[in-house]
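S.K.: Take this structure first; my questions come after.
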Amino acid sequence: MTGGLWVVAQKIGLIVAFVLGVGVSPAVFAAQQAIEYNIPAQSLNNALIKFAAEANLALIFSADMVRGIQVEALNGLMTAEQALNSLLKNTGFSYRFVDANTVTLTQSEAAALPSFEPVPPTIMDSVTVLGDTASGYDAVIGSLIQDQDPKSYRASDAITATRTDTPVKQIPQSIQTIKRSLIDDQQNITVSEALYNVSGVVPRQILYAPVIEGTLVRGFRAEQLLDGFNQYYNPGDRESMVNLERIEVLKGSNAVLYGGGSGSPVGGVVNLISKLPKAEAATEMGFKMGSYEFYQPYFDWNQPLTDDLLFRMTGEYTDSASYVNVIQTQRFNINPTLVFTNHHTTTLILQGKVSRWEQPDYQGLPATGTLAGDFRIHPATFVGPTDIPDSYSNSDSVWGALDHKINAVWSLSFKARYAYSEFDEKVQSLFGRDGFVADSPLMPPSTWALANVELFQRQKQFSVLGNTLATFEIGPSENTLLFGADYSELDDQGFINAGFGRYGLGVGTVDLQAPEFPVAFNTPGTSINSPSVKNTTYGGYVQLQSSFYKRFHQLFSLRLGSLEIDFQDKTSGGAAKTQTLKPLPRVGGVFDVTDAVSVFASYSEGMRGQSFVNFSGPPQPELSRQIEAGLKFDFSGELSGQMAVYQIDRSNVAVTDIQDPGLRSIAAGQQRSRGFETDLIWQPYEEIGVLANYAHTQAEFTDDLAGVSAGNQLAMVPENSGRLWANYRFQQSALKGLNVGFGVYLRTGAYLSNDNAFKTGGYHSFDAAIAYETQQFKLATTVKNLTGEDYFQPYGYFTGRVVPASGASVFVSVAVKF
C-alpha cells in the first residue's frame, strides 16, 4: 500500500471510529496535525531523530542506512507527511506508515548513493526513534534509544540533571555523558578508567579497597549513583563495566534531586545507568585477558519471556594479579533485570545486583623514599606480610521503578531501593612522625613503626522517591513541571581497631630500604573508634523547565530538605543528634544565540552529612553553593561540547576542635574551588571520532581552621589536566569492521596531604586500541601506558602516600554474539 493510500484509509478509519464513538489515541490525530518545525541543516540521521520527537511519531530505520547523508534545514508549518517529503528529498529514501503512530523508511531501488557504500540488508540493525511524549517502557528508555548513531560519542539528551529526558543543550549546568560507544572503542576495563574522558574528574585509584567513594569532581568529593540512587561508600565490585549503558557526570552542588546516604554531593554526581532488557533476544559472551595475570569472563543474556515480560542478566568475574607484589584481586557481580510493560502507559522495572570484592589491603608507599629522601623504595613493594588475610567488600541491593502515563500531559513515577553492604579492611600499617599519614619515617632515614589495624563497617540503606510530571504548552512556552518527594534512611555501624603494642610501636619496625615483615598480622583488640551513624534525609521539591520561543530555556528548582544525623561513639560513650531543615534552590537559564551556539548560567546549593566524624558537639551538615556560566555548542552534530567557569564554596567542613580534650571535630572549615573546563567531541565523518577535554582547577582552603594555612591546596587535585582520544573506523569493503584508536592523558602534579608537604610530579600516559568486529564476533587489543612512563599519583590512604604507575599493560578481549 502506498503512503498516500495509507493516509486515506487512516482518515476513513478515524471518521468511522468517531461516528461509532470509539476512543482514538491523541497521537493518531497528532500525525495529521500541522506542526511548526525548526530543524537545522545536519545529518539525515540527526534530522530524523529531531523530526520524530517533534511530530510525536515512532520512526523505524537503520542508522547504517543513512550514514553520510546531509539534508537541508526544515522550517515552517507542515504536516508530518510534508515534513518527511521535504527531509527525504533527493536522499534516495521514502517512507511508509506502518500504523497511525509508526513510520518506517524505505529505499528506492533506483537511488544513486555515490558518497557511501550501501549496507547489505542482512546486517542492518533496526533502531526505533521515539518522540518526546513517548509513554510506558519506551518513555523510560527513551533517552537511550533516541540518542543518535550508536557509534557516535555525542549524547544529545541526559536524565541525571533533571530526572527528565532533557536535551543537553537546554540544561544550564555542566553535564557530560560517556556513551557505550566510547567505552567499547577504548576497551575500558574499569569505571575509573572511563572517567578520565570527563574534564575536572579525578578518578579513584582501583587498588584502593572499596570502602569509600574516592572520586573527585572539581576538587571535591563526588557521589556515585546507580540509576539515580545513592551508593553510600560504594562497596563491592564497583569497577565493573558489564552492566553499564552509559555514565553521566553532573558537576557541582546538586541538592535538589539527590539526597540519600549522607545527603547531596559537593563536587558532583557520577550516575551509572544500567542496561535494560530489549524486545529482541540476544546473547553476548566474552573473555578478556591481559598483563599481570588478568582474566575476566563475562556474559550479557537478553531474553524476552513474552511480549510484555522482558528479562536480561549480565555478569562478570575478574581475577588479577598486579604490578605490586602480593596483590591478587578477585571480584564479581551479577545483575538481573525484569521488566513488565504494556508498551503504552505502564512499566515496572525490577533490578538487582550481587557484588563481591577481595584483595590484600594496599596502603601505598610513603612520600619519603619515593618523592623525597636519600633512598628509594622499589615501586612494586607491598607494605606488610605476604600472608596477610584478604580484605573484603560485599554489597547486595534490589531496586525498582514504576512508571505510569496518565494522559498526554501527566505521568507518575515511583522508585525504591534497599541495599545491604559490609566491608572488613585489614592492614599492617606504617606509622611515622606524622602518625598514620606516614609520609615521613618515625626514625630517619628510613624506619617506620608498624601497627595492625582493622576497619569494619556494616550498612543498611533504604530509599524511596516519587514524582509527578506534567508537560504542557502555554502560549510561546513549552513546559515540564516536576513535583517530587524522597526519603532515605541509612544505618551505618562499625569500628576501627588498632594494636600499638606494649611500648606504643605496634608490632615492630620496618626499614623500607630493605623491607622485611616477619610478624604476621593479628586482629587488634583495642578499639580507637566505634561509631554508629544513622542518617535520615527527606524532602520535597518542585522543578519547572520552560522553553520560550524555542530559544530561551530556564530551569528553576526548589527543595525543602531535611537531614537528621544520629551519632554515637561506643568507645567514648559520646552521643549527639541533630536535625537541619533548609530550603535549597537551583536556578539557571540557557539562551540559544544561534541554532548552534548557546550561553548558560546557573546557581545551586547543597547540604550533606559528614560521615565517620566524631563531633565534640551536635553534628552539623556541610553546606555548599555553586555559581557557573559557560558556552554550549553543537554544529550539525559534527563539533559539539561546552566551556564553563565556576566557583564552589564549601562551608561547615569538619575540622579538629582544639578546645576539646579529645581533639574531636567541629563543623567550621571553609574551602573553595574555582576553575575552567572544556569538553569537546568532533566527528566530521562517520569514520572519525575525536574527544578532547581540559580542566584548570584551583581548590584551596579559605581559612586556617583545619590546621593548615589559608591558601593551601586541597590534596589529590591537579591544577591542570586533559585528555585527547582519536578513533578511526574503516569503511572500505576490505577493511569494514576494523577500528583503531589512540589517546593520551596529561596532568600536573598534586599534593598528597592538605599540609602541602609533598607533591607528585606531572605525567602523561598514552594508550592505543585496535579491534575487528562483525555482527557475531569481536576481537580487540588495547595497550595502557603505551610508552611505559614511570610516575607516582597521590593515593589518599590516611590522607597521604603515593601509588606507582603500572607500566605498559596489554589486554586482549574476544566476544561472540548470537
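Identifiers in this document derive from the order of the C-alpha cells: chains are assigned A, B, ..., residues are numbered from 1 separately in each chain, and ligands are numbered from 1 in order of occurrence.
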Please identify the strand (DSSP E or B) residues within region 689-782 of chain A (assignment by DSSP from backbone atoms) and present them as a VMD selection string.

M.R.: chain A and resid 689 to 701 713 720 to 729 738 to 747 751 759 763 to 773 777 to 782

S.K.: As a list in words, please: the residues near Val269 (chain A) (cut-off 9 Å, only C-alpha atoms, same-chain neighbours under 3 positions excluded).

M.R.: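 Selected residues are Thr160, Val217, Ala222, Glu223, Gln224, Leu225, Glu248, Val249, Leu250, Lys251, Gly252, Ser253, Asn254, Tyr258, Ser264, Pro265 and Val266 of chain A.
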
S.K.: Show me, as a PDB file with all heavy atoms, in the first residue's frame, the residues that have an atom within 6 Å of Phe701 (chain A) when counting only C-alpha atoms, minus same-chain residues fewer than 5 positions from it.

M.R.:
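The file below, out27.pdb, is the result:
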```pdb
ATOM      1  N   GLN A 671      36.259  25.998  52.448  1.00  0.00           N
ATOM      2  CA  GLN A 671      37.054  25.641  51.274  1.00  0.00           C
ATOM      3  C   GLN A 671      36.411  26.231  50.021  1.00  0.00           C
ATOM      4  O   GLN A 671      35.209  26.537  50.017  1.00  0.00           O
ATOM      5  CB  GLN A 671      37.163  24.109  51.130  1.00  0.00           C
ATOM      6  CG  GLN A 671      37.808  23.421  52.319  1.00  0.00           C
ATOM      7  CD  GLN A 671      37.746  21.910  52.228  1.00  0.00           C
ATOM      8  OE1 GLN A 671      37.267  21.356  51.241  1.00  0.00           O
ATOM      9  NE2 GLN A 671      38.219  21.219  53.267  1.00  0.00           N
ATOM     10  N   ALA A 710      45.547  29.162  55.312  1.00  0.00           N
ATOM     11  CA  ALA A 710      44.623  29.565  54.259  1.00  0.00           C
ATOM     12  C   ALA A 710      45.403  29.733  52.955  1.00  0.00           C
ATOM     13  O   ALA A 710      46.500  30.293  52.940  1.00  0.00           O
ATOM     14  CB  ALA A 710      43.925  30.866  54.641  1.00  0.00           C
ATOM     15  N   GLY A 711      44.857  29.230  51.883  1.00  0.00           N
ATOM     16  CA  GLY A 711      45.549  29.255  50.600  1.00  0.00           C
ATOM     17  C   GLY A 711      46.206  27.937  50.251  1.00  0.00           C
ATOM     18  O   GLY A 711      46.587  27.719  49.090  1.00  0.00           O
ATOM     19  N   ASN A 712      46.367  27.025  51.237  1.00  0.00           N
ATOM     20  CA  ASN A 712      46.877  25.688  50.926  1.00  0.00           C
ATOM     21  C   ASN A 712      45.943  24.976  49.952  1.00  0.00           C
ATOM     22  O   ASN A 712      44.724  25.123  50.023  1.00  0.00           O
ATOM     23  CB  ASN A 712      46.997  24.853  52.205  1.00  0.00           C
ATOM     24  CG  ASN A 712      48.367  24.952  52.833  1.00  0.00           C
ATOM     25  OD1 ASN A 712      49.062  25.959  52.672  1.00  0.00           O
ATOM     26  ND2 ASN A 712      48.768  23.914  53.542  1.00  0.00           N
TER      27      ASN A 712
END
```

S.K.: Skipping near chain neighbours, those fewer than 2 positions away, what residues fall within 6 Å of region 775-784 of chain A using only C-alpha atoms, listed as a PyMOL selection string?

M.R.: chain A and resi 767-773+786+808-817

S.K.: Quick check, in Å to one decimal: how far apart do CA of Asn230 (chain A) and CA of Lys353 (chain A) lie?

M.R.: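 About the pair CA of Asn230 (chain A) and CA of Lys353 (chain A): they are 14.2 Å apart.
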
S.K.: Find the spatial neighbours of region 357-373 of chain A, counting only C-alpha atoms, within a cut-off of 7 Å - ignore same-chain residues fewer than 3 positions away - and output them as a ChimeraX atom specification.

M.R.: /A:207-209,236-237,327-332,376-377,388-394,425-427,438-440,758,760,795,797,801-803

S.K.: Can you pull out every residue within 9 Å of region 609-617 of chain A, counting only C-alpha atoms, but drop anything in the same chain fewer than 3 positions away, and send it as a VMD selection string?

M.R.: chain A and resid 261 to 264 529 531 to 533 535 563 to 565 567 to 569 574 to 576 620 to 623 653 to 654 656 to 657 660 662 to 667

S.K.: Please produce an output containing N, CA and C atoms for each residue in the selection, written as a short mmCIF file (atom, residue, chain, number, x, y, z; two decimals), in the first residue's frame.

M.R.:
```
data_model
loop_
_atom_site.label_atom_id
_atom_site.label_comp_id
_atom_site.auth_asym_id
_atom_site.auth_seq_id
_atom_site.Cartn_x
_atom_site.Cartn_y
_atom_site.Cartn_z
N GLY A 261 21.80 8.55 51.63
CA GLY A 261 23.13 8.39 52.20
C GLY A 261 23.41 9.48 53.21
N SER A 262 24.38 10.31 52.90
CA SER A 262 24.71 11.43 53.79
C SER A 262 24.21 12.75 53.22
N GLY A 263 23.45 12.71 52.15
CA GLY A 263 22.93 13.95 51.58
C GLY A 263 23.47 14.20 50.19
N SER A 264 23.36 15.42 49.73
CA SER A 264 23.71 15.74 48.35
C SER A 264 25.21 15.90 48.17
N ASN A 529 37.92 3.70 67.85
CA ASN A 529 36.72 4.40 67.39
C ASN A 529 35.68 3.36 67.04
N PRO A 531 32.08 3.98 65.86
CA PRO A 531 30.97 4.89 65.60
C PRO A 531 29.72 4.16 65.10
N SER A 532 28.60 4.77 65.39
CA SER A 532 27.32 4.34 64.85
C SER A 532 26.62 5.60 64.36
N VAL A 533 26.30 5.63 63.09
CA VAL A 533 25.69 6.81 62.49
C VAL A 533 24.40 6.41 61.80
N ASN A 535 21.79 8.29 59.38
CA ASN A 535 21.42 9.48 58.62
C ASN A 535 20.04 9.29 58.02
N LEU A 563 17.80 16.94 56.98
CA LEU A 563 18.87 15.98 57.23
C LEU A 563 18.97 15.77 58.74
N GLU A 564 18.73 14.53 59.16
CA GLU A 564 18.87 14.15 60.56
C GLU A 564 20.12 13.29 60.73
N ILE A 565 20.94 13.62 61.72
CA ILE A 565 22.17 12.87 62.00
C ILE A 565 22.11 12.40 63.45
N PHE A 567 24.44 10.33 65.91
CA PHE A 567 25.80 9.81 66.03
C PHE A 567 26.04 9.28 67.43
N GLN A 568 26.66 8.10 67.50
CA GLN A 568 27.04 7.53 68.79
C GLN A 568 28.43 6.92 68.67
N ASP A 569 29.24 7.10 69.71
CA ASP A 569 30.58 6.51 69.77
C ASP A 569 30.63 5.58 70.97
N GLY A 574 30.20 8.88 73.82
CA GLY A 574 29.61 10.12 73.34
C GLY A 574 28.45 9.87 72.41
N ALA A 575 27.51 10.80 72.40
CA ALA A 575 26.36 10.69 71.53
C ALA A 575 25.88 12.09 71.18
N ALA A 576 25.36 12.23 69.97
CA ALA A 576 24.84 13.53 69.54
C ALA A 576 23.80 13.31 68.45
N GLN A 620 26.84 18.67 62.63
CA GLN A 620 26.25 19.64 61.73
C GLN A 620 26.49 19.23 60.29
N PRO A 621 25.53 19.50 59.40
CA PRO A 621 25.73 19.17 57.98
C PRO A 621 26.70 20.14 57.32
N GLU A 622 27.31 19.67 56.29
CA GLU A 622 28.17 20.50 55.45
C GLU A 622 27.30 21.19 54.40
N LEU A 623 27.62 22.43 54.08
CA LEU A 623 26.85 23.21 53.11
C LEU A 623 27.74 23.58 51.93
N VAL A 653 32.81 22.55 57.06
CA VAL A 653 33.63 21.36 56.89
C VAL A 653 34.17 20.92 58.25
N ALA A 654 34.20 19.62 58.53
CA ALA A 654 34.67 19.11 59.81
C ALA A 654 36.16 19.39 59.99
N THR A 656 39.37 19.83 63.31
CA THR A 656 39.68 19.48 64.70
C THR A 656 39.33 20.62 65.65
N ASP A 657 38.64 20.26 66.72
CA ASP A 657 38.29 21.22 67.76
C ASP A 657 39.44 21.28 68.78
N ASP A 660 38.77 20.95 72.51
CA ASP A 660 38.24 19.69 73.03
C ASP A 660 39.38 18.80 73.52
N GLY A 662 39.59 15.68 73.79
CA GLY A 662 39.72 14.50 72.93
C GLY A 662 40.03 14.84 71.49
N LEU A 663 40.23 16.14 71.21
CA LEU A 663 40.53 16.61 69.85
C LEU A 663 39.53 16.06 68.84
N ARG A 664 38.26 16.14 69.22
CA ARG A 664 37.21 15.76 68.29
C ARG A 664 36.96 16.92 67.31
N SER A 665 35.90 16.85 66.55
CA SER A 665 35.72 17.78 65.44
C SER A 665 34.56 18.74 65.66
N ILE A 666 34.65 19.87 64.97
CA ILE A 666 33.54 20.82 64.87
C ILE A 666 33.32 21.12 63.39
N ALA A 667 32.11 21.58 63.04
CA ALA A 667 31.79 21.93 61.65
C ALA A 667 32.03 23.43 61.47
#
```
